[in-house]
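Here is the file start26.txt (compact mmCIF, C-alpha atoms and all ligand atoms).
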# COMPACT_ATOMS: atom_id res chain seq x y z
CA MET A 1 118.42 181.01 102.22
CA GLN A 2 115.98 180.67 99.33
CA ASN A 3 114.45 183.23 96.98
CA ARG A 4 110.73 183.06 97.93
CA HIS A 5 109.59 183.82 94.38
CA THR A 6 111.96 181.69 92.30
CA LYS A 7 112.79 178.92 94.81
CA LEU A 8 116.47 179.21 93.90
CA PRO A 9 119.10 179.59 96.63
CA LEU A 10 119.70 183.25 97.48
CA VAL A 11 122.94 184.88 98.61
CA LYS A 12 123.26 188.40 99.98
CA LEU A 13 126.34 190.37 98.96
CA ASN A 14 128.41 192.54 101.25
CA PRO A 15 128.82 196.21 100.25
CA SER A 16 131.87 195.72 97.99
CA GLY A 17 130.19 192.93 95.99
CA THR A 18 126.97 194.92 95.87
CA HIS A 19 128.77 198.00 94.60
CA ARG A 20 130.55 196.21 91.72
CA CYS A 21 127.44 194.29 90.64
CA LEU A 22 125.21 197.36 90.72
CA TYR A 23 127.71 198.97 88.34
CA GLY A 24 127.13 196.07 85.99
CA HIS A 25 130.09 193.77 86.65
CA SER A 26 129.34 190.06 86.60
CA TRP A 27 131.98 188.69 89.00
CA ILE A 28 131.39 188.02 92.68
CA PHE A 29 134.44 187.04 94.74
CA ASP A 30 134.34 184.39 97.44
CA ASN A 31 134.80 186.95 100.23
CA GLU A 32 131.84 189.06 99.17
CA PHE A 33 129.08 186.84 100.59
CA LYS A 34 128.58 184.09 103.12
CA LYS A 35 128.88 180.75 101.37
CA PRO A 36 125.79 178.65 101.92
CA ASP A 37 126.54 175.02 102.90
CA ASP A 38 123.79 173.46 100.82
CA LEU A 39 124.76 174.83 97.41
CA ASP A 40 126.05 172.38 94.78
CA PRO A 41 129.12 173.35 92.73
CA GLY A 42 127.88 174.73 89.42
CA ALA A 43 124.35 175.43 90.74
CA GLU A 44 122.36 178.49 89.72
CA VAL A 45 121.95 181.05 92.47
CA ASP A 46 120.03 184.28 92.96
CA VAL A 47 122.05 187.22 94.16
CA ALA A 48 120.73 190.11 96.27
CA ASP A 49 122.21 193.32 97.61
CA ALA A 50 122.95 193.80 101.30
CA ARG A 51 119.30 194.72 101.89
CA GLY A 52 117.96 191.64 100.13
CA ARG A 53 116.92 193.23 96.81
CA PHE A 54 117.39 190.99 93.75
CA ILE A 55 120.40 191.96 91.56
CA GLY A 56 120.77 189.05 89.20
CA ARG A 57 121.34 185.35 88.74
CA GLY A 58 124.62 183.52 88.42
CA TYR A 59 126.31 180.17 88.78
CA PHE A 60 128.38 179.12 91.74
CA ASN A 61 131.77 177.47 92.14
CA PRO A 62 133.10 177.13 95.71
CA ALA A 63 136.55 176.15 94.33
CA SER A 64 137.05 179.41 92.45
CA LYS A 65 138.07 182.82 93.75
CA ILE A 66 135.38 184.17 91.41
CA ALA A 67 132.74 182.21 93.28
CA ILE A 68 129.70 183.45 91.32
CA ARG A 69 129.46 184.70 87.74
CA LEU A 70 126.22 186.49 86.92
CA PHE A 71 124.68 185.57 83.57
CA THR A 72 121.47 187.61 83.77
CA ARG A 73 119.78 190.48 85.56
CA SER A 74 116.39 188.84 85.06
CA SER A 75 114.72 186.59 87.61
CA ARG A 76 113.19 184.54 84.79
CA ALA A 77 116.26 183.40 82.82
CA THR A 78 117.88 180.04 83.61
CA LEU A 79 120.69 178.19 81.83
CA THR A 80 118.53 176.22 79.40
CA THR A 81 119.40 175.47 75.76
CA ASP A 82 116.95 178.23 74.80
CA PHE A 83 118.82 180.70 76.97
CA PHE A 84 122.14 179.79 75.30
CA MET A 85 120.49 180.13 71.90
CA LYS A 86 119.15 183.57 72.76
CA ARG A 87 122.57 184.82 73.87
CA ILE A 88 124.30 183.32 70.80
CA VAL A 89 121.77 185.00 68.49
CA GLN A 90 122.22 188.33 70.33
CA ALA A 91 125.99 187.99 69.85
CA ARG A 92 125.54 187.15 66.16
CA ASP A 93 123.23 190.12 65.53
CA ALA A 94 125.51 192.58 67.33
CA ARG A 95 128.36 191.63 64.95
CA LYS A 96 126.37 192.20 61.76
CA SER A 97 127.40 195.85 61.48
CA PHE A 98 131.10 194.94 61.58
CA LEU A 99 131.86 191.60 60.00
CA PRO A 100 130.58 189.55 57.08
CA GLU A 101 128.97 186.36 58.37
CA ASP A 102 131.02 184.08 56.16
CA GLU A 103 134.39 185.33 57.47
CA PRO A 104 136.33 183.90 60.42
CA ARG A 105 135.23 185.58 63.62
CA ARG A 106 134.65 185.15 67.33
CA ILE A 107 130.97 184.37 67.74
CA VAL A 108 130.87 184.21 71.56
CA PHE A 109 133.22 186.13 73.86
CA SER A 110 132.49 185.14 77.44
CA GLU A 111 131.61 188.17 79.64
CA GLY A 112 131.72 190.38 76.53
CA ASP A 113 128.61 188.58 75.26
CA ARG A 114 127.12 187.86 78.69
CA LEU A 115 127.98 184.17 78.51
CA PRO A 116 130.70 184.06 81.16
CA GLY A 117 133.02 181.10 80.66
CA VAL A 118 132.23 180.38 76.99
CA VAL A 119 134.33 181.38 74.00
CA ALA A 120 133.54 180.23 70.45
CA ASP A 121 135.26 181.02 67.15
CA MET A 122 133.92 180.29 63.67
CA TYR A 123 136.36 179.07 61.00
CA GLY A 124 134.50 178.38 57.76
CA SER A 125 131.96 175.69 58.59
CA ALA A 126 133.63 174.68 61.87
CA ILE A 127 133.36 176.09 65.38
CA VAL A 128 136.09 175.88 68.00
CA VAL A 129 134.80 176.31 71.53
CA GLN A 130 136.53 176.94 74.87
CA ILE A 131 134.69 176.18 78.09
CA LEU A 132 136.45 177.93 80.94
CA THR A 133 134.34 177.51 84.08
CA LEU A 134 132.69 174.72 86.04
CA GLY A 135 129.22 176.27 85.63
CA MET A 136 129.58 176.08 81.86
CA ASP A 137 131.47 172.77 81.85
CA LEU A 138 128.42 171.13 83.44
CA ARG A 139 126.23 172.55 80.66
CA ARG A 140 128.46 171.63 77.70
CA GLU A 141 125.70 169.67 75.93
CA ARG A 142 123.28 172.59 76.01
CA ILE A 143 125.94 174.95 74.69
CA VAL A 144 126.73 172.58 71.83
CA GLU A 145 123.02 172.09 71.08
CA ALA A 146 122.50 175.87 71.00
CA LEU A 147 125.52 176.43 68.70
CA MET A 148 124.17 173.71 66.38
CA SER A 149 120.71 175.32 66.27
CA VAL A 150 122.00 178.81 65.49
CA TYR A 151 124.90 177.99 63.13
CA ALA A 152 124.52 174.35 61.99
CA PRO A 153 128.32 173.91 61.61
CA ASP A 154 129.84 170.71 60.16
CA ALA A 155 132.07 170.35 63.20
CA ILE A 156 132.45 171.63 66.74
CA TYR A 157 135.84 171.11 68.39
CA GLU A 158 136.71 171.84 72.01
CA ARG A 159 139.98 173.60 72.89
CA SER A 160 139.63 173.86 76.66
CA ASP A 161 143.35 173.18 77.08
CA VAL A 162 143.91 176.38 79.05
CA THR A 163 145.64 176.62 82.40
CA SER A 164 142.96 178.96 83.81
CA ARG A 165 140.65 175.94 84.13
CA SER A 166 142.73 174.76 87.10
CA ARG A 167 141.50 177.82 89.03
CA GLU A 168 138.00 176.36 88.59
CA GLY A 169 139.14 172.91 89.74
CA LEU A 170 138.89 171.56 86.19
CA PRO A 171 141.37 169.57 84.09
CA GLU A 172 142.32 170.72 80.60
CA ARG A 173 140.50 169.00 77.76
CA LYS A 174 140.28 169.00 73.98
CA GLY A 175 138.60 166.94 71.28
CA ASP A 176 135.78 166.71 68.75
CA LEU A 177 132.29 167.42 70.11
CA ILE A 178 130.45 167.24 66.77
CA GLY A 179 131.83 165.76 63.54
CA SER A 180 135.54 165.77 62.93
CA ILE A 181 137.44 169.02 62.48
CA PRO A 182 140.20 169.15 59.83
CA GLU A 183 143.83 169.58 60.95
CA ARG A 184 144.19 172.61 58.69
CA ILE A 185 141.51 175.05 57.51
CA GLU A 186 142.18 177.61 54.79
CA LEU A 187 140.46 180.94 55.30
CA SER A 188 140.62 184.59 54.30
CA THR A 189 139.93 187.95 55.92
CA ASP A 190 140.02 191.27 54.05
CA GLY A 191 141.18 189.37 50.95
CA VAL A 192 144.26 187.98 52.74
CA ARG A 193 144.57 184.20 52.76
CA PHE A 194 145.80 182.16 55.71
CA ALA A 195 145.49 178.74 57.33
CA VAL A 196 144.61 177.83 60.90
CA HIS A 197 145.36 174.59 62.77
CA PRO A 198 142.49 174.42 65.24
CA LYS A 199 143.84 171.39 67.13
CA THR A 200 147.33 172.75 67.73
CA GLY A 201 147.41 176.50 67.06
CA HIS A 202 147.47 179.21 69.72
CA LYS A 203 144.11 179.97 71.36
CA THR A 204 141.57 178.33 69.04
CA GLY A 205 143.91 178.48 66.02
CA CYS A 206 144.67 182.15 65.49
CA TYR A 207 144.51 185.66 66.94
CA LEU A 208 141.22 186.92 65.58
CA ASP A 209 141.34 189.83 68.02
CA GLN A 210 144.01 191.65 65.97
CA ARG A 211 142.03 191.60 62.74
CA PHE A 212 140.99 195.28 62.60
CA ASN A 213 144.45 196.34 63.76
CA ARG A 214 146.06 194.35 60.91
CA ARG A 215 143.64 195.97 58.48
CA ARG A 216 144.65 199.43 59.73
CA PHE A 217 148.35 198.43 59.70
CA ALA A 218 148.05 197.48 56.03
CA GLU A 219 146.82 201.00 55.22
CA PHE A 220 150.30 202.36 56.04
CA ALA A 221 152.22 199.62 54.20
CA ALA A 222 152.34 200.56 50.51
CA GLY A 223 155.92 200.91 49.29
CA GLY A 224 157.36 200.65 52.80
CA ARG A 225 159.87 198.45 54.63
CA VAL A 226 157.88 196.49 57.20
CA LEU A 227 158.92 194.63 60.36
CA ASP A 228 156.55 192.11 61.97
CA ALA A 229 157.97 191.23 65.42
CA PHE A 230 156.40 188.40 67.46
CA ALA A 231 154.88 187.35 64.16
CA TYR A 232 153.24 183.97 64.96
CA GLN A 233 151.48 183.12 61.67
CA GLY A 234 152.81 186.35 60.18
CA LEU A 235 149.46 187.99 59.62
CA PHE A 236 150.57 191.59 60.26
CA GLY A 237 153.40 191.09 57.77
CA VAL A 238 151.32 189.22 55.20
CA TYR A 239 148.58 191.88 55.37
CA ALA A 240 151.29 194.48 54.73
CA GLY A 241 152.75 192.42 51.87
CA CYS A 242 149.33 192.15 50.23
CA ALA A 243 148.94 195.94 50.58
CA GLY A 244 152.15 196.56 48.61
CA ALA A 245 154.97 196.72 51.18
CA SER A 246 158.35 196.78 49.43
CA GLU A 247 159.86 194.30 51.93
CA VAL A 248 158.62 192.40 54.97
CA LEU A 249 160.85 191.00 57.72
CA ALA A 250 159.23 188.76 60.34
CA ILE A 251 160.78 187.70 63.67
CA GLU A 252 159.37 184.67 65.46
CA SER A 253 160.99 182.21 67.89
CA SER A 254 158.83 179.11 67.42
CA ASP A 255 159.58 176.57 64.67
CA GLU A 256 155.93 175.59 64.35
CA ALA A 257 154.84 179.23 63.95
CA CYS A 258 157.59 179.82 61.37
CA ARG A 259 156.24 176.94 59.26
CA GLU A 260 152.73 178.39 59.42
CA LEU A 261 154.06 181.84 58.59
CA LYS A 262 155.82 180.55 55.48
CA ASP A 263 152.66 178.71 54.45
CA ASN A 264 150.64 181.96 54.75
CA ALA A 265 153.20 184.00 52.83
CA ASP A 266 153.11 181.38 50.04
CA LEU A 267 149.29 181.26 49.99
CA ASN A 268 149.32 184.96 49.08
CA GLY A 269 152.39 184.84 46.85
CA ARG A 270 154.06 187.52 49.02
CA PRO A 271 157.66 186.83 50.08
CA VAL A 272 158.51 187.37 53.72
CA GLU A 273 162.08 187.39 55.04
CA LEU A 274 161.91 185.24 58.14
CA MET A 275 164.23 185.27 61.17
CA ARG A 276 163.65 182.47 63.65
CA ALA A 277 165.06 184.33 66.61
CA ASN A 278 164.46 186.12 69.88
CA VAL A 279 162.94 189.57 69.32
CA PHE A 280 164.81 191.14 72.24
CA ASP A 281 168.25 190.26 70.78
CA THR A 282 167.25 190.76 67.17
CA LEU A 283 165.97 194.33 67.51
CA LYS A 284 169.35 195.32 68.95
CA LEU A 285 171.16 193.52 66.14
CA LEU A 286 169.04 195.19 63.44
CA GLU A 287 169.77 198.58 64.96
CA SER A 288 173.50 197.96 64.97
CA GLU A 289 173.33 196.82 61.35
CA GLY A 290 171.68 200.14 60.49
CA ARG A 291 168.43 198.63 59.25
CA ARG A 292 165.41 200.91 59.40
CA PHE A 293 161.69 200.31 58.88
CA ASP A 294 158.76 202.47 57.82
CA LEU A 295 156.19 200.34 59.62
CA ILE A 296 156.63 198.01 62.62
CA SER A 297 154.27 195.70 64.49
CA LEU A 298 155.24 194.62 68.01
CA ASP A 299 152.78 192.03 69.29
CA PRO A 300 154.36 190.16 72.22
CA PRO A 301 152.69 187.40 74.22
CA SER A 302 151.29 188.38 77.59
CA PHE A 303 154.25 189.28 79.83
CA THR A 304 152.04 189.29 82.93
CA LYS A 305 150.21 186.18 83.97
CA SER A 306 149.70 187.69 87.38
CA ILE A 307 149.55 191.16 88.86
CA GLY A 308 152.71 190.42 90.90
CA ALA A 309 154.77 190.22 87.74
CA SER A 310 153.58 193.56 86.40
CA SER A 311 156.79 195.49 87.09
CA ASN A 312 158.68 192.90 84.99
CA ALA A 313 156.07 193.36 82.30
CA LYS A 314 156.59 197.11 82.37
CA ARG A 315 160.32 196.63 81.89
CA GLY A 316 159.65 194.18 79.05
CA TYR A 317 157.32 196.56 77.23
CA LYS A 318 159.69 199.45 77.72
CA GLU A 319 162.68 197.48 76.39
CA ILE A 320 161.11 196.23 73.17
CA ASN A 321 159.36 199.51 72.42
CA LEU A 322 162.51 201.51 72.96
CA ARG A 323 164.33 199.21 70.52
CA ALA A 324 161.52 199.39 67.98
CA MET A 325 161.32 203.19 68.16
CA ARG A 326 165.04 203.39 67.32
CA LEU A 327 164.44 201.26 64.23
CA LEU A 328 161.81 203.58 62.77
CA SER A 329 162.61 205.62 59.69
CA GLU A 330 161.73 209.31 59.68
CA HIS A 331 157.90 209.44 60.01
CA GLY A 332 157.90 205.67 60.48
CA ILE A 333 154.91 204.14 62.23
CA LEU A 334 154.82 201.68 65.15
CA PHE A 335 151.82 199.48 65.99
CA THR A 336 152.54 198.27 69.50
CA SER A 337 150.24 195.85 71.30
CA SER A 338 149.75 194.49 74.80
CA CYS A 339 147.35 191.61 75.36
CA SER A 340 147.59 191.32 79.14
CA PHE A 341 144.70 192.67 81.17
CA HIS A 342 147.01 193.01 84.17
CA THR A 343 148.68 195.83 82.23
CA ASP A 344 146.01 198.47 81.90
CA ARG A 345 145.95 201.23 79.30
CA GLU A 346 147.49 203.76 81.62
CA SER A 347 150.52 201.68 82.57
CA PHE A 348 151.00 200.56 78.97
CA ILE A 349 151.09 204.20 77.87
CA ASP A 350 153.49 204.94 80.75
CA SER A 351 155.87 202.27 79.42
CA LEU A 352 155.61 203.75 75.93
CA SER A 353 156.33 207.28 77.23
CA GLU A 354 159.40 206.04 79.07
CA ALA A 355 160.53 204.12 76.00
CA ALA A 356 160.08 207.23 73.82
CA CYS A 357 162.09 209.31 76.27
CA ASP A 358 164.99 206.82 76.40
CA SER A 359 164.94 206.22 72.64
CA ARG A 360 165.55 209.95 72.07
CA ARG A 361 162.94 209.88 69.31
CA ILE A 362 160.02 212.28 69.31
CA MET A 363 156.95 210.07 69.14
CA GLN A 364 153.41 211.14 68.35
CA LEU A 365 150.49 209.06 69.61
CA ILE A 366 148.13 208.69 66.67
CA GLU A 367 145.57 206.13 67.77
CA LEU A 368 144.75 203.93 70.74
CA ARG A 369 143.02 200.83 69.54
CA SER A 370 141.34 197.74 71.03
CA ALA A 371 140.44 194.22 70.04
CA SER A 372 138.21 193.80 66.98
CA PRO A 373 134.52 194.25 67.75
CA ASP A 374 133.83 190.51 67.70
CA HIS A 375 135.67 190.58 71.08
CA PRO A 376 133.25 193.04 72.72
CA VAL A 377 134.73 195.35 75.32
CA ARG A 378 132.03 195.90 77.92
CA MET A 379 132.42 199.24 79.66
CA GLU A 380 131.25 197.78 82.97
CA VAL A 381 133.66 194.81 82.83
CA PRO A 382 137.19 196.27 82.56
CA GLU A 383 138.72 192.77 82.15
CA THR A 384 137.16 192.53 78.68
CA ASP A 385 139.46 195.40 77.59
CA TYR A 386 142.58 193.23 77.53
CA LEU A 387 144.04 194.11 74.11
CA LYS A 388 145.62 197.52 73.68
CA CYS A 389 147.22 198.60 70.42
CA ALA A 390 148.86 202.02 70.28
CA VAL A 391 149.81 203.55 66.93
CA LEU A 392 152.75 205.94 67.16
CA GLN A 393 154.65 207.96 64.59
CA ALA A 394 158.28 209.06 64.78
CA ARG A 395 158.53 212.82 64.29
CA GLU A 396 161.41 215.13 63.48
N1 LIG A 401 151.31 188.90 65.83
C1 LIG A 401 150.66 187.60 65.86
C2 LIG A 401 150.40 187.08 67.24
C3 LIG A 401 151.61 187.02 68.12
S1 LIG A 401 151.51 185.93 69.49
C4 LIG A 401 149.37 187.66 65.04
O1 LIG A 401 149.01 188.72 64.53
O2 LIG A 401 148.74 186.61 64.91
C5 LIG A 401 153.12 186.06 70.11
C6 LIG A 401 154.17 185.29 69.33
O3 LIG A 401 155.44 185.67 69.83
C7 LIG A 401 154.10 183.77 69.47
O4 LIG A 401 154.05 183.19 68.21
C8 LIG A 401 155.39 183.38 70.19
O5 LIG A 401 155.95 182.16 69.69
C9 LIG A 401 156.31 184.52 69.83
N2 LIG A 401 157.35 184.83 70.81
C10 LIG A 401 157.27 184.83 72.17
N3 LIG A 401 158.42 185.29 72.72
C11 LIG A 401 159.26 185.58 71.71
C12 LIG A 401 160.57 186.12 71.63
N4 LIG A 401 161.24 186.46 72.73
N5 LIG A 401 161.11 186.29 70.41
C13 LIG A 401 160.43 185.97 69.28
N6 LIG A 401 159.18 185.49 69.29
C14 LIG A 401 158.59 185.30 70.47
Target encoding structure tokens, full file:
Amino acid sequence: MQNRHTKLPLVKLNPSGTHRCLYGHSWIFDNEFKKPDDLDPGAEVDVADARGRFIGRGYFNPASKIAIRLFTRSSRATLTTDFFMKRIVQARDARKSFLPEDEPRRIVFSEGDRLPGVVADMYGSAIVVQILTLGMDLRRERIVEALMSVYAPDAIYERSDVTSRSREGLPERKGDLIGSIPERIELSTDGVRFAVHPKTGHKTGCYLDQRFNRRRFAEFAAGGRVLDAFAYQGLFGVYAGCAGASEVLAIESSDEACRELKDNADLNGRPVELMRANVFDTLKLLESEGRRFDLISLDPPSFTKSIGASSNAKRGYKEINLRAMRLLSEHGILFTSSCSFHTDRESFIDSLSEAACDSRRIMQLIELRSASPDHPVRMEVPETDYLKCAVLQARE
């Protein structure tokens, strides 16, 4: 079927697809419409409700469970370089109230910025981009052109080495797209210095999403004993050190991360005691040694890659949080994070309640936080709300 007005192919959604899209979501699953035979993978497609009324426009991938991702509600927008520029400028302007333009930040966050399948992070004068879907993979040149027009970076590097691309029928890929990105880039946020390795680091080089949570963490640090568990580059601990913590202990299992952590501690002239070890075992050990902390960050990797594993995840969260709660000094504060969107806020809080009960500590929930605002959480797309950070205080 074709849209008479726009000449683009038209698909009609069944009621469940219609319902989600009318509430603003941008995903359409492969069982929510009849797949047309004549539609090319990656092609633009108009989407209508069950009665044939236009809802929006998306791009199609028959190989993916998410068969269409809507990128606009307008019947005039198409995926041209101008369109990408417009979305990138909208994303830039929305961030102005929160973040200085010369600081590291996420400049495009996929569905959060209505550019499904594109993530881009700015590190100094370089951009690291991730292209996650076939529809966007086919339009890589336009995306790069648009990023060049809006930001004129010295380099654009691609880090599409993510396993989720296989669900789109795409191989992983990485490499320079414009210029040549340095192996190591020195940066600072909130006056704290650190280095990223865009070619080899996690994600695009670091976890920008925790920035506002680290800033808040540092506000509780002065004079205190701080534990940074699942430390990666040590940024929770280094933020705390820069804010006057009396001691910082970091636990991290990867050698590579430990080297980066030490580098960051040195850059700021703040000593960090480093244990290259497994957090699960080490929290128990610290408890038996009688060590206590006034401020703890627990920031584990995603325990759930799939919904099926979510009961294991619940056990994992409960176990580490229970251990961490026991390590808190009187009135000590725990920042505990979960970055898996398969664990929603409610079940995360459930795990924390169970952990509090078993720890025999009285815990007060002080704040429930999210990713920094350069990772926009769209109310109508629950999957954008993947990072939860609860702040709890041990009470008498
Ligand atoms: N807190 C960090 C991000 C943490 S990412 C930040 O603010 O940037 C999770 C980290 O946990 C990774 O570096 C990973 O190597 C480490 N990790 C995963 N499992 C671990 C375990 N069982 N014990 C110790 N570290 C672990």
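Atom CA of Lys35 of chain A to atom CA of Arg167 of chain A spans 17.9 Å [interatomic distance, one decimal].
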Contact check, chain A to ligand LIG 401 (chain A), at most 6 Å, counting all atoms listed in the file, closest pairs as a tab-separated table:
residue	atom	partner	partner_atom	distance
A:Tyr207	CA	A:LIG401	O2	4.8
A:Gln210	CA	A:LIG401	O1	6.0
A:Phe230	CA	A:LIG401	O3	3.7
A:Ala231	CA	A:LIG401	N1	4.2
A:Tyr232	CA	A:LIG401	O4	3.4
A:Gln233	CA	A:LIG401	O2	5.5
A:Leu235	CA	A:LIG401	O1	5.0
A:Phe236	CA	A:LIG401	O1	5.4
A:Ile251	CA	A:LIG401	C13	5.9
A:Glu252	CA	A:LIG401	N6	3.9
A:Ser253	CA	A:LIG401	N6	4.0
A:Ser254	CA	A:LIG401	O5	4.8
A:Ala257	CA	A:LIG401	O4	5.9
A:Ala277	CA	A:LIG401	C13	5.6
A:Asn278	CA	A:LIG401	N5	3.4
A:Val279	CA	A:LIG401	N5	3.9
A:Phe280	CA	A:LIG401	N4	5.9
A:Asp299	CA	A:LIG401	N1	4.9
A:Pro300	CA	A:LIG401	C5	4.8
A:Pro301	CA	A:LIG401	C5	4.3
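The spacing separating atom CA of Leu10 of chain A from atom CA of Arg51 of chain A amounts to 12.3 Å.
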field: Separation of atom CA of Arg159 of chain A from atom CA of Thr204 of chain A, in Å and rounded to one decimal
entry: 6.3 Å
Taking only C-alpha atoms into account, produce a table as CSV in which each residue of segment 107-174 of chain A with an atom at most 9 Å from an atom of segment 52-67 of chain A appears once, together with its shortest atom pair and the distance in Å to one decimal, ordered by chain and rising number.
residue,atom,partner,partner_atom,distance
A:Thr133,CA,A:Asn61,CA,8.5
A:Leu134,CA,A:Asn61,CA,6.8
A:Gly135,CA,A:Tyr59,CA,5.8
A:Met136,CA,A:Tyr59,CA,8.7
A:Arg167,CA,A:Ser64,CA,5.8
A:Glu168,CA,A:Ser64,CA,5.0
A:Gly169,CA,A:Ala63,CA,6.2
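Residues in contact with segment 144-146 of chain A at up to 8 Å, not including ones fewer than 3 positions away on its chain and judged by only C-alpha atoms, are Thr81, Asp82, Phe84, Met85, Ile88, Arg140, Glu141, Ser149, Val150, Ile156 and Leu177 of chain A.
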Selection to disk with C-alpha atoms, as a CSV table (one decimal), keeping the file's coordinate frame:
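Output file again.csv follows:
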chain,number,residue,atom,x,y,z
A,81,THR,CA,119.4,175.5,75.8
A,82,ASP,CA,117.0,178.2,74.8
A,84,PHE,CA,122.1,179.8,75.3
A,85,MET,CA,120.5,180.1,71.9
A,88,ILE,CA,124.3,183.3,70.8
A,140,ARG,CA,128.5,171.6,77.7
A,141,GLU,CA,125.7,169.7,75.9
A,149,SER,CA,120.7,175.3,66.3
A,150,VAL,CA,122.0,178.8,65.5
A,156,ILE,CA,132.4,171.6,66.7
A,177,LEU,CA,132.3,167.4,70.1
message: What's around segment 361-376 of chain A at 7 Å? Count only C-alpha atoms, leave out sequence neighbours fewer than 5 positions away in its own chain, and write the answer as a list in words.
response: Arg95, Arg105, Arg106, Ile107, Phe109, Gly112, Asp113, Asp209, Gln210, Arg211, Phe212, Met325, Ala356, Leu387, Lys388, Cys389, Ala390, Val391, Leu392, Gln393, Ala394, Arg395 and Glu396 of chain A
Which residues, written as a PDB file with C-alpha atoms, in the coordinates of the input, have at least one atom at most 10 Å from Asp38 of chain A, with all atoms listed in the file counted and residues fewer than 3 positions away on the same chain left out?
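The result, written out as out12.pdb:
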ATOM      1  CA  MET A   1     118.420 181.010 102.220  1.00  0.00           C
ATOM      2  CA  PRO A   9     119.100 179.590  96.630  1.00  0.00           C
ATOM      3  CA  LYS A  35     128.880 180.750 101.370  1.00  0.00           C
ATOM      4  CA  PRO A  41     129.120 173.350  92.730  1.00  0.00           C
TER       5      PRO A  41
END
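If you measure from each of A:Glu260, A:Glu247, A:Glu158, A:Glu172 to Phe194 of chain A using all atoms listed in the file, the closest one turns out to be A:Glu260.
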message: Using all atoms listed in the file, which protein or nucleic acid residues come within 8 Å of Glu273 of chain A? Drop anything in the same chain fewer than 5 positions from it, and give the result as a ChimeraX atom specification.
response: /A:247-250
